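Remarks on the structure that follows.
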Amino acid sequence: MTNLFVDFQNQVEVIKVRCADGEITEAERDATLRKMQLKDEWGDIWMLSPTGEWFRQASGSKEWVRDHPIAIIDPSTLPPVSEMNLPQIARAVHDCARCPLAQQGRSRAVPGEGNPKADIMLIGEGPGFHEDKQGRPFVGASGKFLNELLNEAGYKRQDVFITNVIKCRPPNNRDPEPEELEACKPYLDRQIELINPKVIVTLGRFSMYRFFPGASITKIHGQPQRMGNRLVVPMFHPAAALHQVRWRPLIIEDFRRLPQFVAEMTIVRKSEKSNSSDPEQMSLF
Ligand code: URA
């Protein structure tokens, strides 16, 4: 595996594979990769499916999830964050040392995962114990509840993209410091830019503050706000709703409205697109 590098462009597409002895054809590449189960430095196992998608089984987990095999991206080839694609962001986040969290007991950074073309992006606070072990967002108790909430709304976890405002676990799950949030901001900004979701759901205080500084979740939860070409909807954090039973029906109700928010933004984007390509409309400006 160490002599195998995969170059990515356009999100998750594998463009070419270089082996120690030079480039191989796409067919040779796929045949080679499908015969291999690649184990990365964290003990995760990677597989290339017959349909050309990569799947990862995190060590300690039985679940196979669609993901980017960042472990086989050559780190020396990374461009600036503002020009990275999603696998490159994941690679950079895994190696990131922009803030003290890298040295404060992080097992693994958690860049985020999911559909690179998702209509909905969920932004939580930061990894907890289980996320730090598996390198995946929302895989503990609150993640289980989040999966249920998504199902309630008619979505599967793999339909959406899930990430956090900070990508490394703070010691003892303490609140993130301002400089830690600032250090992670370029990654989140670029993820939002690349995925371009119609709807962003903020989960938790620090995620909400990024879009609604100083707001109170009990006052604004479930109320979408138009920001540019998307809606941002603050919602209760699943962990908070697990502990505060009275918030459960509220978070369920808020999640159930997600398809409606997506539909609204689909119409808005379509009409904006057709207006901008309508010569009569264009001549008005
Ligand atoms: N809580 C969060 O905010 N994010 C996670 O990834 C897990 C728990």
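Following the order of the structure tokens, chains are lettered A, B, ..., residues in each are numbered from 1, and ligands are numbered from 1.
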| message | Taking only C-alpha atoms and all ligand atoms and a cut-off of 7 Å, can you tell me which residues surround ligand 1, written as a list in words? | response | Gly124, Glu125, Gly126, Pro127, Gly128, Glu131, Pro137, Phe138, Val139, Gly140, Ser142, Gly143, Thr163, Asn164, Leu203 and Gly204 of chain A
| All residues 8 Å or closer to segment 116-118 of chain A, only C-alpha atoms, same chain fewer than 2 positions away omitted, as a VMD selection string | chain A and resid 11 86 114 120 to 121 159 to 161 194 to 197
Using only C-alpha atoms, determine which residues lie at most 12 Å from Phe129 of chain A, disregarding the query and same-chain residues fewer than 5 positions distant; provide the list as a compact mmCIF listing (two decimals) with N, CA and C atoms, in the first residue's frame.
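Dumped to out.txt:
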```
# COMPACT_ATOMS: atom_id res chain seq x y z
N GLY A 105 -4.14 15.57 23.08
CA GLY A 105 -4.75 14.26 23.26
C GLY A 105 -5.70 13.83 22.16
N ARG A 106 -5.66 14.52 21.03
CA ARG A 106 -6.49 14.09 19.90
C ARG A 106 -6.02 12.72 19.43
N SER A 107 -6.96 11.76 19.29
CA SER A 107 -6.57 10.49 18.66
C SER A 107 -6.64 10.67 17.16
N ARG A 108 -7.77 11.19 16.70
CA ARG A 108 -7.96 11.42 15.28
C ARG A 108 -8.76 12.68 15.06
N ALA A 109 -8.41 13.42 14.04
CA ALA A 109 -9.23 14.57 13.65
C ALA A 109 -10.45 14.04 12.91
N VAL A 110 -11.51 14.83 12.88
CA VAL A 110 -12.77 14.40 12.27
C VAL A 110 -13.20 15.43 11.22
N GLN A 134 -13.01 7.08 16.12
CA GLN A 134 -13.29 6.55 14.78
C GLN A 134 -12.96 7.51 13.65
N GLY A 135 -12.72 8.79 13.98
CA GLY A 135 -12.47 9.77 12.92
C GLY A 135 -13.71 10.10 12.12
N ARG A 136 -14.90 9.86 12.72
CA ARG A 136 -16.17 10.14 12.04
C ARG A 136 -17.06 11.00 12.93
N PRO A 137 -17.86 11.89 12.33
CA PRO A 137 -18.72 12.76 13.14
C PRO A 137 -19.98 12.03 13.62
N PHE A 138 -20.48 12.41 14.76
CA PHE A 138 -21.76 11.92 15.27
C PHE A 138 -21.91 10.39 15.16
N VAL A 139 -21.04 9.68 15.86
CA VAL A 139 -21.17 8.21 15.88
C VAL A 139 -21.49 7.69 17.28
N GLY A 140 -21.57 8.57 18.27
CA GLY A 140 -21.93 8.14 19.63
C GLY A 140 -23.44 8.20 19.82
N ALA A 141 -23.86 8.38 21.06
CA ALA A 141 -25.30 8.37 21.38
C ALA A 141 -26.04 9.48 20.63
N SER A 142 -25.44 10.68 20.58
CA SER A 142 -26.15 11.76 19.88
C SER A 142 -26.20 11.49 18.38
N GLY A 143 -25.19 10.77 17.86
CA GLY A 143 -25.20 10.40 16.45
C GLY A 143 -26.31 9.42 16.13
N CYS A 168 -11.29 18.71 15.89
CA CYS A 168 -10.59 17.87 16.86
C CYS A 168 -11.28 17.94 18.22
N ARG A 169 -11.23 16.85 18.96
CA ARG A 169 -11.91 16.80 20.27
C ARG A 169 -11.17 17.65 21.30
N PRO A 170 -11.87 18.60 21.92
CA PRO A 170 -11.23 19.33 23.02
C PRO A 170 -11.13 18.40 24.24
N PRO A 171 -10.07 18.55 25.05
CA PRO A 171 -9.92 17.67 26.22
C PRO A 171 -11.19 17.70 27.08
N ASN A 172 -11.63 16.54 27.51
CA ASN A 172 -12.83 16.39 28.34
C ASN A 172 -14.08 17.07 27.76
N ASN A 173 -14.11 17.18 26.47
CA ASN A 173 -15.26 17.80 25.77
C ASN A 173 -15.53 19.23 26.23
N ARG A 174 -14.48 19.95 26.62
CA ARG A 174 -14.70 21.35 27.02
C ARG A 174 -15.12 22.17 25.80
```
| If you run DSSP on this backbone, which residues of segment 109-188 of chain A come out as helix (DSSP H, G or I), and could you give them as a PyMOL selection string? | chain A and resi 129-134+141-152+157-159+171-173+178-188
What does the file look like for those residues with N, CA and C atoms, as an mmCIF file, in the first residue's frame?
```cif
data_model
loop_
_atom_site.group_PDB
_atom_site.id
_atom_site.type_symbol
_atom_site.label_atom_id
_atom_site.label_comp_id
_atom_site.auth_asym_id
_atom_site.auth_seq_id
_atom_site.Cartn_x
_atom_site.Cartn_y
_atom_site.Cartn_z
ATOM 1 N N PHE A 129 -15.894 11.670 22.421
ATOM 2 C CA PHE A 129 -15.030 10.504 22.665
ATOM 3 C C PHE A 129 -15.047 9.524 21.478
ATOM 4 N N HIS A 130 -16.242 9.105 21.066
ATOM 5 C CA HIS A 130 -16.340 8.074 20.017
ATOM 6 C C HIS A 130 -15.900 8.604 18.656
ATOM 7 N N GLU A 131 -16.240 9.869 18.394
ATOM 8 C CA GLU A 131 -15.858 10.476 17.120
ATOM 9 C C GLU A 131 -14.332 10.542 17.004
ATOM 10 N N ASP A 132 -13.695 10.894 18.118
ATOM 11 C CA ASP A 132 -12.235 10.992 18.174
ATOM 12 C C ASP A 132 -11.581 9.629 17.926
ATOM 13 N N LYS A 133 -12.249 8.570 18.365
ATOM 14 C CA LYS A 133 -11.672 7.224 18.169
ATOM 15 C C LYS A 133 -11.832 6.766 16.725
ATOM 16 N N GLN A 134 -13.007 7.078 16.125
ATOM 17 C CA GLN A 134 -13.289 6.548 14.780
ATOM 18 C C GLN A 134 -12.956 7.511 13.651
ATOM 19 N N ALA A 141 -23.859 8.381 21.065
ATOM 20 C CA ALA A 141 -25.296 8.370 21.375
ATOM 21 C C ALA A 141 -26.037 9.479 20.630
ATOM 22 N N SER A 142 -25.439 10.677 20.576
ATOM 23 C CA SER A 142 -26.149 11.758 19.881
ATOM 24 C C SER A 142 -26.201 11.487 18.382
ATOM 25 N N GLY A 143 -25.186 10.770 17.865
ATOM 26 C CA GLY A 143 -25.197 10.397 16.454
ATOM 27 C C GLY A 143 -26.314 9.421 16.134
ATOM 28 N N LYS A 144 -26.555 8.501 17.066
ATOM 29 C CA LYS A 144 -27.653 7.537 16.881
ATOM 30 C C LYS A 144 -28.991 8.275 16.803
ATOM 31 N N PHE A 145 -29.128 9.243 17.706
ATOM 32 C CA PHE A 145 -30.359 10.024 17.720
ATOM 33 C C PHE A 145 -30.463 10.876 16.449
ATOM 34 N N LEU A 146 -29.315 11.417 16.013
ATOM 35 C CA LEU A 146 -29.313 12.215 14.784
ATOM 36 C C LEU A 146 -29.778 11.359 13.594
ATOM 37 N N ASN A 147 -29.315 10.114 13.535
ATOM 38 C CA ASN A 147 -29.751 9.227 12.448
ATOM 39 C C ASN A 147 -31.271 9.037 12.487
ATOM 40 N N GLU A 148 -31.802 8.900 13.699
ATOM 41 C CA GLU A 148 -33.265 8.737 13.840
ATOM 42 C C GLU A 148 -34.006 9.995 13.380
ATOM 43 N N LEU A 149 -33.438 11.148 13.751
ATOM 44 C CA LEU A 149 -34.079 12.412 13.356
ATOM 45 C C LEU A 149 -34.087 12.557 11.831
ATOM 46 N N LEU A 150 -32.969 12.167 11.213
ATOM 47 C CA LEU A 150 -32.905 12.235 9.751
ATOM 48 C C LEU A 150 -33.934 11.295 9.130
ATOM 49 N N ASN A 151 -34.042 10.089 9.702
ATOM 50 C CA ASN A 151 -35.032 9.141 9.184
ATOM 51 C C ASN A 151 -36.447 9.695 9.316
ATOM 52 N N GLU A 152 -36.715 10.345 10.434
ATOM 53 C CA GLU A 152 -38.028 10.992 10.659
ATOM 54 C C GLU A 152 -38.344 11.975 9.533
ATOM 55 N N ARG A 157 -28.654 8.895 6.477
ATOM 56 C CA ARG A 157 -27.419 9.601 6.858
ATOM 57 C C ARG A 157 -26.529 9.888 5.643
ATOM 58 N N GLN A 158 -26.466 8.920 4.724
ATOM 59 C CA GLN A 158 -25.569 9.117 3.581
ATOM 60 C C GLN A 158 -26.104 10.143 2.563
ATOM 61 N N ASP A 159 -27.347 10.613 2.752
ATOM 62 C CA ASP A 159 -27.882 11.659 1.854
ATOM 63 C C ASP A 159 -27.294 13.026 2.176
ATOM 64 N N PRO A 171 -10.065 18.547 25.048
ATOM 65 C CA PRO A 171 -9.915 17.665 26.221
ATOM 66 C C PRO A 171 -11.188 17.700 27.084
ATOM 67 N N ASN A 172 -11.630 16.537 27.510
ATOM 68 C CA ASN A 172 -12.834 16.388 28.340
ATOM 69 C C ASN A 172 -14.077 17.073 27.756
ATOM 70 N N ASN A 173 -14.114 17.181 26.467
ATOM 71 C CA ASN A 173 -15.257 17.800 25.772
ATOM 72 C C ASN A 173 -15.531 19.231 26.229
ATOM 73 N N PRO A 178 -11.832 30.443 21.275
ATOM 74 C CA PRO A 178 -11.977 31.247 20.045
ATOM 75 C C PRO A 178 -10.886 30.962 19.005
ATOM 76 N N GLU A 179 -9.633 30.786 19.469
ATOM 77 C CA GLU A 179 -8.567 30.565 18.465
ATOM 78 C C GLU A 179 -8.678 29.190 17.812
ATOM 79 N N GLU A 180 -9.294 28.233 18.519
ATOM 80 C CA GLU A 180 -9.507 26.909 17.916
ATOM 81 C C GLU A 180 -10.596 26.994 16.833
ATOM 82 N N LEU A 181 -11.634 27.746 17.141
ATOM 83 C CA LEU A 181 -12.708 27.938 16.149
ATOM 84 C C LEU A 181 -12.157 28.663 14.922
ATOM 85 N N GLU A 182 -11.329 29.647 15.170
ATOM 86 C CA GLU A 182 -10.743 30.445 14.090
ATOM 87 C C GLU A 182 -9.819 29.579 13.219
ATOM 88 N N ALA A 183 -9.048 28.707 13.876
ATOM 89 C CA ALA A 183 -8.100 27.857 13.130
ATOM 90 C C ALA A 183 -8.843 26.896 12.205
ATOM 91 N N CYS A 184 -10.016 26.440 12.629
ATOM 92 C CA CYS A 184 -10.783 25.473 11.828
ATOM 93 C C CYS A 184 -11.670 26.145 10.774
ATOM 94 N N LYS A 185 -11.869 27.439 10.904
ATOM 95 C CA LYS A 185 -12.838 28.140 10.045
ATOM 96 C C LYS A 185 -12.578 27.950 8.541
ATOM 97 N N PRO A 186 -11.315 28.061 8.087
ATOM 98 C CA PRO A 186 -11.102 27.903 6.633
ATOM 99 C C PRO A 186 -11.562 26.542 6.106
ATOM 100 N N TYR A 187 -11.416 25.485 6.926
ATOM 101 C CA TYR A 187 -11.863 24.155 6.472
ATOM 102 C C TYR A 187 -13.380 24.139 6.297
ATOM 103 N N LEU A 188 -14.073 24.666 7.306
ATOM 104 C CA LEU A 188 -15.543 24.664 7.223
ATOM 105 C C LEU A 188 -16.022 25.565 6.083
#
```
What's the 10 Å shell around Pro79 of chain A, counting only C-alpha atoms, without same-chain residues fewer than 5 positions away, as a short mmCIF file (atom, residue, chain, number, x, y, z; two decimals) with C-alpha atoms, in the first residue's frame?
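Contents of around.cif, freshly written:
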```cif
data_model
loop_
_atom_site.label_atom_id
_atom_site.label_comp_id
_atom_site.auth_asym_id
_atom_site.auth_seq_id
_atom_site.Cartn_x
_atom_site.Cartn_y
_atom_site.Cartn_z
CA MET A 84 -8.75 22.10 -1.86
CA ASN A 85 -11.34 19.50 -2.80
CA GLN A 88 -7.77 17.08 0.28
CA ILE A 89 -9.51 18.93 3.13
CA ALA A 92 -5.19 18.38 5.65
#
```
| request: Write out as a VMD selection string each polymer residue whose atoms come within 10 Å of Val233 of chain A, counting only C-alpha atoms; drop sequence neighbours fewer than 2 positions from it. | output: chain A and resid 122 199 to 203 208 211 to 212 220 to 226 230 to 231 235 254 to 255 258 261
Keeping only N, CA and C atoms, write the selected residues as a PDB file, in the first residue's frame.
```pdb
ATOM      1  N   LEU A 122     -25.200  19.352   7.886  1.00  0.00           N
ATOM      2  CA  LEU A 122     -25.409  19.479   9.324  1.00  0.00           C
ATOM      3  C   LEU A 122     -24.083  19.835   9.972  1.00  0.00           C
ATOM      4  N   VAL A 199     -29.536  23.839   2.331  1.00  0.00           N
ATOM      5  CA  VAL A 199     -29.909  24.076   3.728  1.00  0.00           C
ATOM      6  C   VAL A 199     -28.746  23.689   4.644  1.00  0.00           C
ATOM      7  N   ILE A 200     -28.407  24.598   5.548  1.00  0.00           N
ATOM      8  CA  ILE A 200     -27.441  24.283   6.606  1.00  0.00           C
ATOM      9  C   ILE A 200     -28.216  24.191   7.911  1.00  0.00           C
ATOM     10  N   VAL A 201     -27.984  23.110   8.643  1.00  0.00           N
ATOM     11  CA  VAL A 201     -28.593  22.971   9.968  1.00  0.00           C
ATOM     12  C   VAL A 201     -27.482  23.122  10.997  1.00  0.00           C
ATOM     13  N   THR A 202     -27.633  24.068  11.908  1.00  0.00           N
ATOM     14  CA  THR A 202     -26.632  24.189  12.975  1.00  0.00           C
ATOM     15  C   THR A 202     -27.119  23.386  14.173  1.00  0.00           C
ATOM     16  N   LEU A 203     -26.196  22.627  14.749  1.00  0.00           N
ATOM     17  CA  LEU A 203     -26.518  21.789  15.906  1.00  0.00           C
ATOM     18  C   LEU A 203     -25.600  22.201  17.048  1.00  0.00           C
ATOM     19  N   MET A 208     -24.299  27.413  15.974  1.00  0.00           N
ATOM     20  CA  MET A 208     -25.311  28.463  15.800  1.00  0.00           C
ATOM     21  C   MET A 208     -24.663  29.855  15.797  1.00  0.00           C
ATOM     22  N   PHE A 211     -23.364  31.571  12.660  1.00  0.00           N
ATOM     23  CA  PHE A 211     -24.313  32.223  11.753  1.00  0.00           C
ATOM     24  C   PHE A 211     -25.211  33.222  12.484  1.00  0.00           C
ATOM     25  N   PHE A 212     -25.462  32.983  13.767  1.00  0.00           N
ATOM     26  CA  PHE A 212     -26.359  33.842  14.542  1.00  0.00           C
ATOM     27  C   PHE A 212     -25.654  34.212  15.859  1.00  0.00           C
ATOM     28  N   ILE A 220     -34.879  30.834  18.673  1.00  0.00           N
ATOM     29  CA  ILE A 220     -34.809  30.848  17.190  1.00  0.00           C
ATOM     30  C   ILE A 220     -34.794  29.448  16.563  1.00  0.00           C
ATOM     31  N   HIS A 221     -34.892  28.388  17.377  1.00  0.00           N
ATOM     32  CA  HIS A 221     -34.781  27.044  16.779  1.00  0.00           C
ATOM     33  C   HIS A 221     -35.868  26.831  15.711  1.00  0.00           C
ATOM     34  N   GLY A 222     -35.471  26.160  14.660  1.00  0.00           N
ATOM     35  CA  GLY A 222     -36.429  25.806  13.604  1.00  0.00           C
ATOM     36  C   GLY A 222     -36.814  26.948  12.683  1.00  0.00           C
ATOM     37  N   GLN A 223     -36.250  28.154  12.921  1.00  0.00           N
ATOM     38  CA  GLN A 223     -36.625  29.290  12.065  1.00  0.00           C
ATOM     39  C   GLN A 223     -35.543  29.512  11.016  1.00  0.00           C
ATOM     40  N   PRO A 224     -35.872  29.195   9.746  1.00  0.00           N
ATOM     41  CA  PRO A 224     -34.843  29.317   8.704  1.00  0.00           C
ATOM     42  C   PRO A 224     -34.549  30.774   8.397  1.00  0.00           C
ATOM     43  N   GLN A 225     -33.296  31.054   8.143  1.00  0.00           N
ATOM     44  CA  GLN A 225     -32.882  32.403   7.751  1.00  0.00           C
ATOM     45  C   GLN A 225     -32.168  32.304   6.418  1.00  0.00           C
ATOM     46  N   ARG A 226     -32.580  33.102   5.465  1.00  0.00           N
ATOM     47  CA  ARG A 226     -31.929  33.089   4.155  1.00  0.00           C
ATOM     48  C   ARG A 226     -30.563  33.752   4.263  1.00  0.00           C
ATOM     49  N   ARG A 230     -28.774  30.039   0.301  1.00  0.00           N
ATOM     50  CA  ARG A 230     -29.209  28.895   1.115  1.00  0.00           C
ATOM     51  C   ARG A 230     -29.990  29.360   2.340  1.00  0.00           C
ATOM     52  N   LEU A 231     -30.606  28.372   2.996  1.00  0.00           N
ATOM     53  CA  LEU A 231     -31.274  28.641   4.274  1.00  0.00           C
ATOM     54  C   LEU A 231     -30.403  28.080   5.386  1.00  0.00           C
ATOM     55  N   MET A 235     -30.930  24.473  15.059  1.00  0.00           N
ATOM     56  CA  MET A 235     -31.720  23.430  15.737  1.00  0.00           C
ATOM     57  C   MET A 235     -31.049  23.048  17.056  1.00  0.00           C
ATOM     58  N   ASP A 254     -38.788  20.176  14.189  1.00  0.00           N
ATOM     59  CA  ASP A 254     -37.890  20.982  13.348  1.00  0.00           C
ATOM     60  C   ASP A 254     -37.287  20.135  12.225  1.00  0.00           C
ATOM     61  N   PHE A 255     -36.843  18.929  12.552  1.00  0.00           N
ATOM     62  CA  PHE A 255     -36.247  18.064  11.525  1.00  0.00           C
ATOM     63  C   PHE A 255     -37.268  17.694  10.449  1.00  0.00           C
ATOM     64  N   LEU A 258     -37.461  19.766   7.316  1.00  0.00           N
ATOM     65  CA  LEU A 258     -36.310  19.874   6.406  1.00  0.00           C
ATOM     66  C   LEU A 258     -36.672  19.718   4.913  1.00  0.00           C
ATOM     67  N   PHE A 261     -37.927  22.932   3.589  1.00  0.00           N
ATOM     68  CA  PHE A 261     -36.885  23.960   3.401  1.00  0.00           C
ATOM     69  C   PHE A 261     -36.084  23.681   2.125  1.00  0.00           C
TER      70      PHE A 261
END
```
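Using only C-alpha atoms for every distance, the candidate list A:Gln191, A:Gln103, A:Asn115, A:Thr51 yields A:Asn115 as the residue closest to Asp67 of chain A.
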| request: Enumerate as a VMD selection string all residues of segment 180-270 of chain A assigned to strand (DSSP E) by DSSP on the backbone, naming them with the chain letters and numbers the document uses. | output: chain A and resid 199 to 203 225 to 227 230 to 235
Please, could you write that set of residues out with C-alpha atoms as a short mmCIF file (atom, residue, chain, number, x, y, z; two decimals), in the first residue's frame?
```cif
data_model
loop_
_atom_site.label_atom_id
_atom_site.label_comp_id
_atom_site.auth_asym_id
_atom_site.auth_seq_id
_atom_site.Cartn_x
_atom_site.Cartn_y
_atom_site.Cartn_z
CA VAL A 199 -29.91 24.08 3.73
CA ILE A 200 -27.44 24.28 6.61
CA VAL A 201 -28.59 22.97 9.97
CA THR A 202 -26.63 24.19 12.97
CA LEU A 203 -26.52 21.79 15.91
CA GLN A 225 -32.88 32.40 7.75
CA ARG A 226 -31.93 33.09 4.16
CA MET A 227 -28.17 33.62 3.85
CA ARG A 230 -29.21 28.90 1.12
CA LEU A 231 -31.27 28.64 4.27
CA VAL A 232 -29.59 28.30 7.64
CA VAL A 233 -31.73 26.65 10.29
CA PRO A 234 -30.63 26.58 13.92
CA MET A 235 -31.72 23.43 15.74
#
```
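Using only C-alpha atoms for every distance, the candidate list A:Asn229, A:Arg210, A:Glu41, A:Lys167 yields A:Asn229 as the residue closest to Lys273 of chain A.
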| Distance atom CA of Ser274 of chain A-atom CA of Arg190 of chain A, one decimal place? | 26.3 Å
| field | Closest of A:Val262, A:Ile70, A:Ile123, A:Val81 to His237 of chain A - atom-to-atom distances counting only C-alpha atoms | value |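 Closest residue, counting only C-alpha atoms: A:Ile123.
Between Ile192 of chain A and the residues A:Cys99, A:Leu242, A:Val93, A:Ser82, the shortest atom-to-atom distance, using only C-alpha atoms, involves A:Ser82.
Coordinates place atom CA of Gly154 of chain A at a distance of 27.1 Å from atom CA of Asp189 of chain A.
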